[in-house]
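S.K.: Below you'll find data_3.txt; it's compact mmCIF, C-alpha atoms and all ligand atoms.
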```
# COMPACT_ATOMS: atom_id res chain seq x y z
CA MET D 228 20.49 11.44 -106.64
CA PRO D 229 18.47 12.81 -109.58
CA ARG D 230 20.21 15.61 -111.47
CA VAL D 231 17.76 18.35 -110.32
CA ARG D 232 18.01 17.39 -106.64
CA ARG D 233 21.78 17.20 -106.92
CA LYS D 234 21.83 20.71 -108.40
CA ALA D 235 19.59 21.98 -105.61
CA PHE D 236 21.85 20.33 -103.04
CA TRP D 237 24.99 22.04 -104.37
CA GLY D 238 23.14 25.32 -104.69
CA LEU D 239 21.99 25.14 -101.07
CA LEU D 240 25.46 24.17 -99.88
CA ALA D 241 27.00 27.12 -101.75
CA LEU D 242 24.43 29.45 -100.19
CA ILE D 243 25.14 28.15 -96.68
CA LEU D 244 28.91 28.52 -97.11
CA PHE D 245 28.49 31.99 -98.58
CA THR D 246 26.27 33.12 -95.68
CA ALA D 247 28.65 31.61 -93.12
CA GLY D 248 31.52 33.46 -94.79
CA ILE D 249 29.67 36.77 -94.59
CA ILE D 250 28.77 36.20 -90.92
CA ALA D 251 32.39 35.32 -90.08
CA HIS D 252 33.59 38.43 -91.90
CA LEU D 253 31.10 40.68 -90.13
CA ARG D 254 32.05 39.23 -86.76
CA ARG D 255 35.72 39.83 -87.46
CA ALA D 256 35.15 43.36 -88.70
CA ALA D 257 32.65 44.39 -86.00
CA PRO D 258 33.86 47.15 -83.68
CA ILE D 259 34.42 46.25 -80.04
CA ARG D 260 32.04 47.52 -77.38
CA VAL D 261 33.98 50.22 -75.56
CA VAL D 262 33.35 50.60 -71.82
CA SER D 263 32.42 53.96 -70.29
CA PHE D 264 33.94 56.31 -67.75
CA ASP D 265 32.28 58.65 -65.24
CA GLU D 266 34.58 61.65 -65.17
CA THR D 267 32.95 63.22 -62.10
CA ALA D 268 33.23 60.22 -59.74
CA GLY D 269 35.92 60.09 -57.05
CA PRO D 270 37.89 57.17 -55.61
CA PRO D 271 35.65 54.62 -53.82
CA ALA D 272 35.51 54.75 -50.02
CA GLN D 273 37.09 51.29 -49.65
CA ALA D 274 40.21 52.47 -51.47
CA LEU D 275 40.84 55.13 -48.88
CA GLU D 276 43.17 53.27 -46.53
CA VAL D 277 46.52 54.46 -45.35
CA SER D 278 49.86 52.71 -45.32
CA GLY D 279 52.29 55.60 -45.46
CA PRO D 280 52.82 59.17 -44.31
CA LEU D 281 49.86 61.49 -44.80
CA ARG D 282 49.33 63.31 -48.02
CA THR D 283 47.13 66.30 -48.60
CA GLU D 284 45.48 65.14 -51.80
CA PRO D 285 45.41 62.12 -54.10
CA THR D 286 47.89 61.77 -56.92
CA ARG D 287 46.27 62.94 -60.14
CA ILE D 288 46.76 60.73 -63.14
CA LEU D 289 45.82 61.80 -66.65
CA ILE D 290 45.21 58.90 -69.03
CA ASP D 291 45.54 59.71 -72.71
CA PRO D 292 43.95 57.25 -75.16
CA GLY D 293 45.81 57.83 -78.43
CA HIS D 294 44.18 59.04 -81.67
CA GLY D 295 40.36 59.39 -81.99
CA GLY D 296 37.83 60.94 -84.37
CA ARG D 297 39.10 61.01 -87.94
CA ASP D 298 42.47 59.61 -86.81
CA PRO D 299 41.98 55.85 -86.35
CA GLY D 300 45.66 55.15 -85.50
CA ALA D 301 46.78 51.63 -86.47
CA ILE D 302 44.23 49.36 -88.17
CA GLY D 303 44.37 45.58 -87.76
CA PRO D 304 44.03 43.18 -90.73
CA GLY D 305 40.44 42.47 -89.57
CA GLY D 306 39.59 46.19 -89.37
CA LEU D 307 39.92 46.75 -85.62
CA MET D 308 41.05 50.33 -84.99
CA GLU D 309 43.65 51.50 -82.51
CA LYS D 310 41.46 54.45 -81.44
CA GLU D 311 38.74 52.12 -80.10
CA VAL D 312 41.09 49.56 -78.54
CA VAL D 313 43.08 52.17 -76.63
CA LEU D 314 39.97 54.05 -75.51
CA ASP D 315 38.56 50.88 -73.97
CA ILE D 316 41.85 49.92 -72.34
CA SER D 317 42.42 53.47 -71.06
CA ILE D 318 39.01 53.58 -69.39
CA ARG D 319 39.74 50.25 -67.73
CA ILE D 320 43.11 51.63 -66.53
CA ALA D 321 41.23 54.61 -65.10
CA TRP D 322 38.83 52.27 -63.24
CA HIS D 323 41.73 50.36 -61.70
CA LEU D 324 43.68 53.41 -60.61
CA ARG D 325 40.60 55.11 -59.23
CA ALA D 326 39.75 51.97 -57.27
CA GLN D 327 43.22 52.25 -55.71
CA GLY D 328 42.44 55.78 -54.50
CA TYR D 329 44.05 57.88 -57.22
CA ALA D 330 42.27 60.79 -58.89
CA VAL D 331 42.02 59.98 -62.57
CA SER D 332 41.05 62.02 -65.59
CA MET D 333 41.20 61.38 -69.32
CA THR D 334 42.05 63.40 -72.40
CA ARG D 335 39.06 61.82 -74.15
CA THR D 336 36.29 59.50 -72.98
CA LYS D 337 34.71 58.91 -76.38
CA ASP D 338 35.62 58.67 -80.04
CA GLU D 339 36.65 62.24 -80.73
CA ALA D 340 39.65 64.09 -82.11
CA VAL D 341 41.94 65.71 -79.53
CA ALA D 342 44.90 67.67 -80.92
CA LEU D 343 48.30 66.65 -79.57
CA SER D 344 48.84 70.17 -78.23
CA ASN D 345 45.52 69.96 -76.35
CA ARG D 346 46.45 66.62 -74.78
CA ALA D 347 49.57 68.20 -73.32
CA ARG D 348 47.72 71.36 -72.33
CA LEU D 349 45.09 69.33 -70.48
CA ALA D 350 47.85 67.88 -68.31
CA GLU D 351 48.85 71.39 -67.27
CA GLU D 352 45.28 72.69 -66.89
CA LYS D 353 44.22 69.73 -64.81
CA GLU D 354 47.41 69.92 -62.74
CA ALA D 355 48.02 66.25 -63.35
CA ASP D 356 50.95 64.57 -61.57
CA LEU D 357 51.42 61.86 -64.21
CA LEU D 358 50.52 61.41 -67.86
CA ILE D 359 50.07 57.98 -69.44
CA SER D 360 49.49 57.90 -73.19
CA VAL D 361 48.10 54.57 -74.38
CA HIS D 362 48.74 53.15 -77.87
CA VAL D 363 49.02 49.88 -79.79
CA ASN D 364 51.63 49.52 -82.51
CA ALA D 365 51.53 48.91 -86.26
CA LEU D 366 54.27 46.79 -87.85
CA PRO D 367 55.09 45.55 -91.35
CA VAL D 368 53.54 42.21 -92.34
CA ASN D 369 55.12 39.16 -90.65
CA ALA D 370 57.11 41.25 -88.14
CA ARG D 371 57.41 39.67 -84.71
CA PRO D 372 55.27 41.59 -82.18
CA PHE D 373 56.87 43.49 -79.30
CA VAL D 374 56.07 45.79 -76.39
CA GLU D 375 57.79 49.16 -75.94
CA THR D 376 57.39 52.21 -73.72
CA PHE D 377 58.62 55.71 -74.51
CA TYR D 378 59.57 58.72 -72.43
CA PHE D 379 61.20 62.03 -73.29
CA GLN D 380 64.82 62.61 -72.35
CA PRO D 381 65.83 66.22 -72.98
CA ARG D 382 69.51 66.81 -73.69
CA GLN D 383 71.44 69.97 -73.11
CA ARG D 384 71.87 70.90 -76.75
CA HIS D 385 68.62 69.32 -77.78
CA ARG D 386 66.71 71.02 -80.58
CA TYR D 387 63.56 71.01 -78.45
CA ARG D 388 65.18 73.22 -75.86
CA ARG D 389 64.14 76.41 -77.64
CA HIS D 390 60.48 75.52 -76.97
CA TYR D 391 60.96 75.96 -73.21
CA ALA D 392 61.55 78.78 -70.78
CA PRO D 393 64.75 78.12 -68.73
CA ALA D 394 62.78 77.12 -65.61
CA GLN D 395 60.59 74.74 -67.62
CA TRP D 396 63.67 73.21 -69.18
CA GLU D 397 65.22 72.62 -65.77
CA ALA D 398 61.99 70.98 -64.55
CA LYS D 399 62.01 68.81 -67.68
CA LEU D 400 65.50 67.54 -66.91
CA GLN D 401 64.52 66.65 -63.37
CA THR D 402 61.32 65.01 -64.53
CA ALA D 403 62.97 62.85 -67.20
CA ASP D 404 64.45 60.53 -64.61
CA ARG D 405 61.07 59.96 -63.03
CA SER D 406 59.54 59.40 -66.47
CA ARG D 407 62.15 56.71 -67.13
CA ARG D 408 61.39 54.92 -63.86
CA LEU D 409 57.66 55.11 -64.63
CA ALA D 410 58.32 53.76 -68.14
CA GLU D 411 60.36 50.87 -66.72
CA GLN D 412 57.57 49.82 -64.36
CA VAL D 413 54.92 50.08 -67.09
CA GLN D 414 57.05 48.19 -69.63
CA GLN D 415 57.81 45.37 -67.21
CA ALA D 416 54.17 44.94 -66.12
CA VAL D 417 52.65 45.12 -69.62
CA LEU D 418 55.29 42.88 -71.20
CA ALA D 419 54.73 40.16 -68.60
CA GLU D 420 50.98 40.19 -69.30
CA VAL D 421 51.28 40.19 -73.11
CA ARG D 422 53.89 37.43 -72.99
CA ALA D 423 51.69 35.29 -70.77
CA HIS D 424 49.33 35.07 -73.76
CA ASN D 425 51.90 35.09 -76.55
CA PRO D 426 55.48 34.01 -75.66
CA GLU D 427 56.58 35.14 -79.16
CA VAL D 428 56.27 38.78 -78.10
CA PHE D 429 59.65 40.35 -77.41
CA ASP D 430 60.86 43.17 -75.21
CA ASN D 431 61.69 46.27 -77.22
CA GLY D 432 62.38 48.00 -73.92
CA VAL D 433 62.13 51.52 -72.61
CA ARG D 434 63.04 54.05 -75.27
CA THR D 435 63.38 57.81 -75.54
CA ARG D 436 61.51 59.74 -78.19
CA GLY D 437 60.44 63.36 -78.54
CA PHE D 438 56.72 62.69 -79.06
CA ARG D 439 54.92 65.98 -78.68
CA VAL D 440 52.57 64.70 -75.98
CA LEU D 441 55.65 63.72 -73.92
CA ARG D 442 57.96 66.66 -74.52
CA SER D 443 55.25 69.31 -74.01
CA VAL D 444 54.55 68.46 -70.36
CA SER D 445 56.64 69.00 -67.24
CA ILE D 446 55.36 65.99 -65.27
CA PRO D 447 56.48 62.35 -65.52
CA ALA D 448 54.96 61.14 -68.77
CA VAL D 449 55.16 57.91 -70.77
CA LEU D 450 53.72 56.59 -74.02
CA ALA D 451 53.07 52.85 -73.92
CA GLU D 452 52.80 50.74 -77.08
CA LEU D 453 51.01 47.83 -75.43
CA THR D 454 51.19 45.34 -78.25
CA VAL D 455 50.93 45.19 -82.04
CA LEU D 456 47.44 45.53 -83.52
CA THR D 457 48.56 44.68 -87.07
CA VAL D 458 49.60 41.13 -86.07
CA PRO D 459 46.46 38.98 -86.68
CA GLU D 460 46.77 36.92 -83.46
CA GLU D 461 47.18 40.06 -81.36
CA GLU D 462 44.25 41.71 -83.14
CA SER D 463 41.94 38.81 -82.32
CA ARG D 464 43.16 38.80 -78.71
CA LEU D 465 42.45 42.54 -78.49
CA ARG D 466 38.85 41.84 -79.52
CA ASP D 467 38.42 39.99 -76.24
CA ASP D 468 37.14 42.14 -73.34
CA ALA D 469 38.96 39.98 -70.80
CA TYR D 470 42.31 40.45 -72.56
CA ARG D 471 41.88 44.21 -72.75
CA GLY D 472 40.92 44.15 -69.09
CA ARG D 473 44.10 42.27 -68.19
CA LEU D 474 46.31 44.65 -70.18
CA ALA D 475 44.68 47.57 -68.37
CA GLU D 476 45.18 45.91 -65.00
CA ALA D 477 48.84 45.24 -65.79
CA LEU D 478 49.49 48.82 -66.87
CA ALA D 479 47.70 50.18 -63.79
CA ALA D 480 49.83 47.88 -61.61
CA GLY D 481 52.97 49.27 -63.26
CA VAL D 482 51.87 52.84 -62.53
CA GLN D 483 51.07 51.90 -58.96
CA ALA D 484 54.44 50.20 -58.49
CA TYR D 485 56.12 53.40 -59.65
CA LEU D 486 54.03 55.58 -57.33
CA GLU D 487 54.66 53.33 -54.34
CA GLU D 488 58.38 53.33 -55.05
CA GLU D 489 58.38 57.10 -55.50
CA THR D 490 56.16 58.17 -52.62
CA GLY D 491 56.01 55.25 -50.19
CA HIS D 492 52.20 55.45 -50.41
CA THR D 493 49.97 52.61 -51.40
CA ALA D 494 46.64 54.41 -51.01
CA LEU D 495 44.88 57.29 -49.32
CA SER D 496 44.05 57.61 -45.62
CA PRO D 497 40.38 58.03 -44.67
CA ASP D 498 41.27 61.59 -43.61
CA GLU D 499 42.78 62.28 -46.97
CA GLY D 500 39.70 60.82 -48.61
CA GLN D 501 37.62 63.20 -46.57
CA LEU D 502 39.81 66.09 -47.60
CA TRP D 503 39.40 65.06 -51.20
CA MET D 504 35.62 65.01 -50.73
CA ASP D 505 35.75 68.41 -48.98
CA THR D 506 37.62 69.95 -51.84
CA GLU D 507 35.39 68.24 -54.38
CA ASP D 508 34.16 71.60 -55.67
CA THR D 509 37.66 72.63 -56.58
CA ALA D 510 38.48 69.14 -57.78
CA SER D 511 35.45 68.81 -60.00
CA SER D 512 36.03 72.21 -61.56
CA VAL D 513 39.41 70.90 -62.65
CA TRP D 514 38.39 67.31 -63.36
CA ALA D 515 34.90 67.89 -64.76
CA PRO D 516 33.92 66.46 -68.19
CA SER D 517 33.45 69.96 -69.61
CA THR D 518 37.19 70.53 -69.46
CA VAL D 519 37.91 67.28 -71.31
CA GLY D 520 38.40 67.37 -75.03
CA PRO D 521 39.69 69.99 -77.43
CA SER D 522 39.35 73.60 -76.32
CA PRO D 523 37.63 75.96 -78.72
ZN ZN I 1 49.14 55.15 -81.73
```
Could you write out this structure as structure tokens?
M.R.:
Amino acid sequence: MPRVRRKAFWGLLALILFTAGIIAHLRRAAPIRVVSFDETAGPPAQALEVSGPLRTEPTRILIDPGHGGRDPGAIGPGGLMEKEVVLDISIRIAWHLRAQGYAVSMTRTKDEAVALSNRARLAEEKEADLLISVHVNALPVNARPFVETFYFQPRQRHRYRRHYAPAQWEAKLQTADRSRRLAEQVQQAVLAEVRAHNPEVFDNGVRTRGFRVLRSVSIPAVLAELTVLTVPEEESRLRDDAYRGRLAEALAAGVQAYLEEETGHTALSPDEGQLWMDTEDTASSVWAPSTVGPSP
């Protein structure tokens, strides 16, 4: 090859490699496309089938995607942010639970900041029966990824006790046991799903921690750390819609297993569905989008 053509060849090759590198980087760093959630919709008619004693209204589940707005949460090595991953997964969890006949609301449905105190207050305002806070972990470089689920266990001489009125404290003690059972079901279901994709992932188990979002509510509440975003393989898996969908399905199945164990119900009766529709005015005033997000 003549010298000039050889130079041109190497120049072109360098340009191609450089462009390919930039494209690969952009693809890796691109945000995921987060799914959306219709806050005002109710459970679908086909979910309204009975298999247990009658209830008067559907169980209300508040899903809390962690972080949001200026708080990105954990950030993966490729730039994927916890706040977007958990929002997408949370909305998918909401879809699944709603399809099973549960009434579902969320502390945020978009990328916005919600104060921890407001997340807990929303649970009270919306008269939620369960609170599920959804997170993905951050770990030091080269740490082996794990799954863990937290709940709050108040103790008699616990320093948090002073934050509660005596009746609230009593309710908290009674609720802690239910939170633990909920955490166990969620942990088991999520771990099985994550491990199916990565057998390296280990079980860090159900743990107690006084996270504000957990200790400030008097309903069964858990905080799930689904996997570890800062591990490169997990980050690239979390970029996949199908994987996020499966994590959501697993978590929803864990919640459902808990509810079935607790109540003996698997879904709503058509009558109950009707009742839910009849009381939609009341329901939507509590579960409407305007009440979601930080209060002024
Ligand atoms: Zn988090």
S.K.: Record the distance separating CA of Phe429 in chain D and CA of Arg407 in chain D, expressed in Å with one decimal.
M.R.: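 So the two atoms, CA of Phe429 in chain D and CA of Arg407 in chain D, lie 19.5 Å apart.
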S.K.: Counting all atoms listed in the file, what are the residues, protein, DNA or RNA alike, that approach ligand ZN 1 (chain I) to within 6 Å? I want them as a compact mmCIF listing (two decimals) with C-alpha atoms, in the frame of the given file.
M.R.:
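selection-v1.txt, freshly written:
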```
# COMPACT_ATOMS: atom_id res chain seq x y z
CA GLY D 293 45.81 57.83 -78.43
CA GLY D 300 45.66 55.15 -85.50
CA HIS D 362 48.74 53.15 -77.87
CA VAL D 363 49.02 49.88 -79.79
```
S.K.: Padding 8 Å on every side, please: axis-aligned box over the listed atoms of range 402-413 of chain D, centre and edge lengths to one decimal in Å, as JSON.
M.R.:
```
{"center_x": 59.7, "center_y": 57.4, "center_z": -65.6, "size_x": 25.5, "size_y": 31.2, "size_z": 21.1}
```
S.K.: Go ahead and compute the interatomic distance for CA of Leu358 in chain D and CA of Arg371 in chain D, in Å to one decimal.
M.R.: 28.4 Å
S.K.: Measuring between only C-alpha atoms, which one of D:Ala365, D:Val444, D:Ala410, D:Ala451 shows the shortest distance to Ala398 in chain D?
M.R.: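 Of D:Ala365, D:Val444, D:Ala410, D:Ala451, the one nearest Ala398 in chain D, counting only C-alpha atoms, is D:Val444.
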S.K.: Using only C-alpha atoms, which of the listed residues (D:Val341, D:Leu409, D:Val455, D:Leu289) sits closest to Ile318 in chain D?
M.R.: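 Looking at the shortest contact to Ile318 in chain D, the residue is D:Leu289.
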S.K.: At a cut-off of 7 Å, using only C-alpha atoms, what residues contact range 465-476 of chain D? Leave out same-chain residues fewer than 4 positions from it and give the result as a ChimeraX atom specification.
M.R.: /D:259,316-317,319-320,323,417,420,461,480
S.K.: Counting only C-alpha atoms, which residue out of D:Gln412, D:Thr457, D:Thr334, D:Gln327 sits closest to Gly295 in chain D?
M.R.: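 Smallest distance to Gly295 in chain D is found for D:Thr334.
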S.K.: Grab the CA of Val312 in chain D to CA of Pro367 in chain D distance for me, in Å with one decimal place.
M.R.: 19.4 Å
S.K.: Counting all atoms listed in the file, which of D:Leu400, D:Val262, D:Ala423, D:Leu366 gets nearest to Pro381 in chain D?
M.R.: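 Residue with the minimum atom-to-atom distance to Pro381 in chain D: D:Leu400.
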S.K.: Would you output range 286-318 of chain D from that structure, restricted to N, CA and C atoms, as an mmCIF file, in the first residue's frame?
M.R.:
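Output saved as selection.cif:
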```
data_model
loop_
_atom_site.group_PDB
_atom_site.id
_atom_site.type_symbol
_atom_site.label_atom_id
_atom_site.label_comp_id
_atom_site.auth_asym_id
_atom_site.auth_seq_id
_atom_site.Cartn_x
_atom_site.Cartn_y
_atom_site.Cartn_z
ATOM 1 N N THR D 286 -57.440 -4.416 50.001
ATOM 2 C CA THR D 286 -56.240 -4.040 50.755
ATOM 3 C C THR D 286 -55.535 -2.911 50.007
ATOM 4 N N ARG D 287 -55.107 -1.907 50.756
ATOM 5 C CA ARG D 287 -54.457 -0.747 50.123
ATOM 6 C C ARG D 287 -52.958 -0.823 50.329
ATOM 7 N N ILE D 288 -52.258 -0.833 49.225
ATOM 8 C CA ILE D 288 -50.803 -0.987 49.285
ATOM 9 C C ILE D 288 -50.141 0.283 48.768
ATOM 10 N N LEU D 289 -49.272 0.851 49.580
ATOM 11 C CA LEU D 289 -48.535 2.044 49.166
ATOM 12 C C LEU D 289 -47.117 1.619 48.778
ATOM 13 N N ILE D 290 -46.763 1.881 47.519
ATOM 14 C CA ILE D 290 -45.429 1.548 47.029
ATOM 15 C C ILE D 290 -44.581 2.825 47.058
ATOM 16 N N ASP D 291 -43.398 2.695 47.611
ATOM 17 C CA ASP D 291 -42.534 3.861 47.793
ATOM 18 C C ASP D 291 -41.210 3.696 47.042
ATOM 19 N N PRO D 292 -41.125 4.251 45.809
ATOM 20 C CA PRO D 292 -39.835 4.189 45.110
ATOM 21 C C PRO D 292 -38.841 5.115 45.823
ATOM 22 N N GLY D 293 -37.712 4.578 46.235
ATOM 23 C CA GLY D 293 -36.751 5.376 47.003
ATOM 24 C C GLY D 293 -36.178 6.540 46.205
ATOM 25 N N HIS D 294 -35.712 7.565 46.953
ATOM 26 C CA HIS D 294 -34.974 8.705 46.381
ATOM 27 C C HIS D 294 -35.841 9.507 45.393
ATOM 28 N N GLY D 295 -35.210 10.175 44.401
ATOM 29 C CA GLY D 295 -35.953 10.995 43.445
ATOM 30 C C GLY D 295 -35.509 12.445 43.493
ATOM 31 N N GLY D 296 -35.717 13.147 42.384
ATOM 32 C CA GLY D 296 -35.321 14.556 42.282
ATOM 33 C C GLY D 296 -33.814 14.702 42.398
ATOM 34 N N ARG D 297 -33.371 15.585 43.273
ATOM 35 C CA ARG D 297 -31.928 15.831 43.392
ATOM 36 C C ARG D 297 -31.187 14.685 44.077
ATOM 37 N N ASP D 298 -31.941 13.758 44.671
ATOM 38 C CA ASP D 298 -31.316 12.610 45.352
ATOM 39 C C ASP D 298 -31.349 11.393 44.415
ATOM 40 N N PRO D 299 -30.221 11.076 43.768
ATOM 41 C CA PRO D 299 -30.234 9.975 42.802
ATOM 42 C C PRO D 299 -30.176 8.602 43.465
ATOM 43 N N GLY D 300 -29.836 8.537 44.765
ATOM 44 C CA GLY D 300 -29.594 7.241 45.411
ATOM 45 C C GLY D 300 -28.276 6.691 44.915
ATOM 46 N N ALA D 301 -28.175 5.355 44.825
ATOM 47 C CA ALA D 301 -26.933 4.727 44.338
ATOM 48 C C ALA D 301 -26.764 5.026 42.848
ATOM 49 N N ILE D 302 -25.506 5.081 42.393
ATOM 50 C CA ILE D 302 -25.238 5.271 40.960
ATOM 51 C C ILE D 302 -24.314 4.151 40.498
ATOM 52 N N GLY D 303 -24.719 3.449 39.442
ATOM 53 C CA GLY D 303 -23.917 2.348 38.911
ATOM 54 C C GLY D 303 -22.675 2.853 38.208
ATOM 55 N N PRO D 304 -21.692 1.966 37.962
ATOM 56 C CA PRO D 304 -20.451 2.374 37.290
ATOM 57 C C PRO D 304 -20.718 2.939 35.893
ATOM 58 N N GLY D 305 -21.832 2.529 35.262
ATOM 59 C CA GLY D 305 -22.175 3.045 33.932
ATOM 60 C C GLY D 305 -23.086 4.252 34.001
ATOM 61 N N GLY D 306 -23.389 4.742 35.210
ATOM 62 C CA GLY D 306 -24.183 5.962 35.348
ATOM 63 C C GLY D 306 -25.670 5.751 35.604
ATOM 64 N N LEU D 307 -26.124 4.494 35.644
ATOM 65 C CA LEU D 307 -27.544 4.247 35.907
ATOM 66 C C LEU D 307 -27.868 4.630 37.356
ATOM 67 N N MET D 308 -28.975 5.348 37.532
ATOM 68 C CA MET D 308 -29.296 5.869 38.868
ATOM 69 C C MET D 308 -30.401 5.068 39.553
ATOM 70 N N GLU D 309 -30.196 4.872 40.853
ATOM 71 C CA GLU D 309 -31.171 4.126 41.654
ATOM 72 C C GLU D 309 -32.571 4.731 41.535
ATOM 73 N N LYS D 310 -32.657 6.080 41.542
ATOM 74 C CA LYS D 310 -33.980 6.715 41.533
ATOM 75 C C LYS D 310 -34.801 6.309 40.306
ATOM 76 N N GLU D 311 -34.140 6.107 39.134
ATOM 77 C CA GLU D 311 -34.916 5.724 37.947
ATOM 78 C C GLU D 311 -35.231 4.232 37.937
ATOM 79 N N VAL D 312 -34.260 3.428 38.369
ATOM 80 C CA VAL D 312 -34.468 1.974 38.406
ATOM 81 C C VAL D 312 -35.636 1.625 39.330
ATOM 82 N N VAL D 313 -35.615 2.205 40.547
ATOM 83 C CA VAL D 313 -36.642 1.826 41.511
ATOM 84 C C VAL D 313 -38.007 2.417 41.166
ATOM 85 N N LEU D 314 -38.018 3.552 40.459
ATOM 86 C CA LEU D 314 -39.317 4.094 40.019
ATOM 87 C C LEU D 314 -39.954 3.133 39.016
ATOM 88 N N ASP D 315 -39.164 2.694 38.053
ATOM 89 C CA ASP D 315 -39.678 1.774 37.036
ATOM 90 C C ASP D 315 -40.152 0.460 37.669
ATOM 91 N N ILE D 316 -39.334 -0.090 38.544
ATOM 92 C CA ILE D 316 -39.701 -1.366 39.179
ATOM 93 C C ILE D 316 -40.948 -1.191 40.048
ATOM 94 N N SER D 317 -41.007 -0.070 40.767
ATOM 95 C CA SER D 317 -42.157 0.177 41.653
ATOM 96 C C SER D 317 -43.463 0.263 40.867
ATOM 97 N N ILE D 318 -43.403 0.943 39.726
ATOM 98 C CA ILE D 318 -44.619 1.068 38.912
ATOM 99 C C ILE D 318 -45.048 -0.308 38.408
#
```
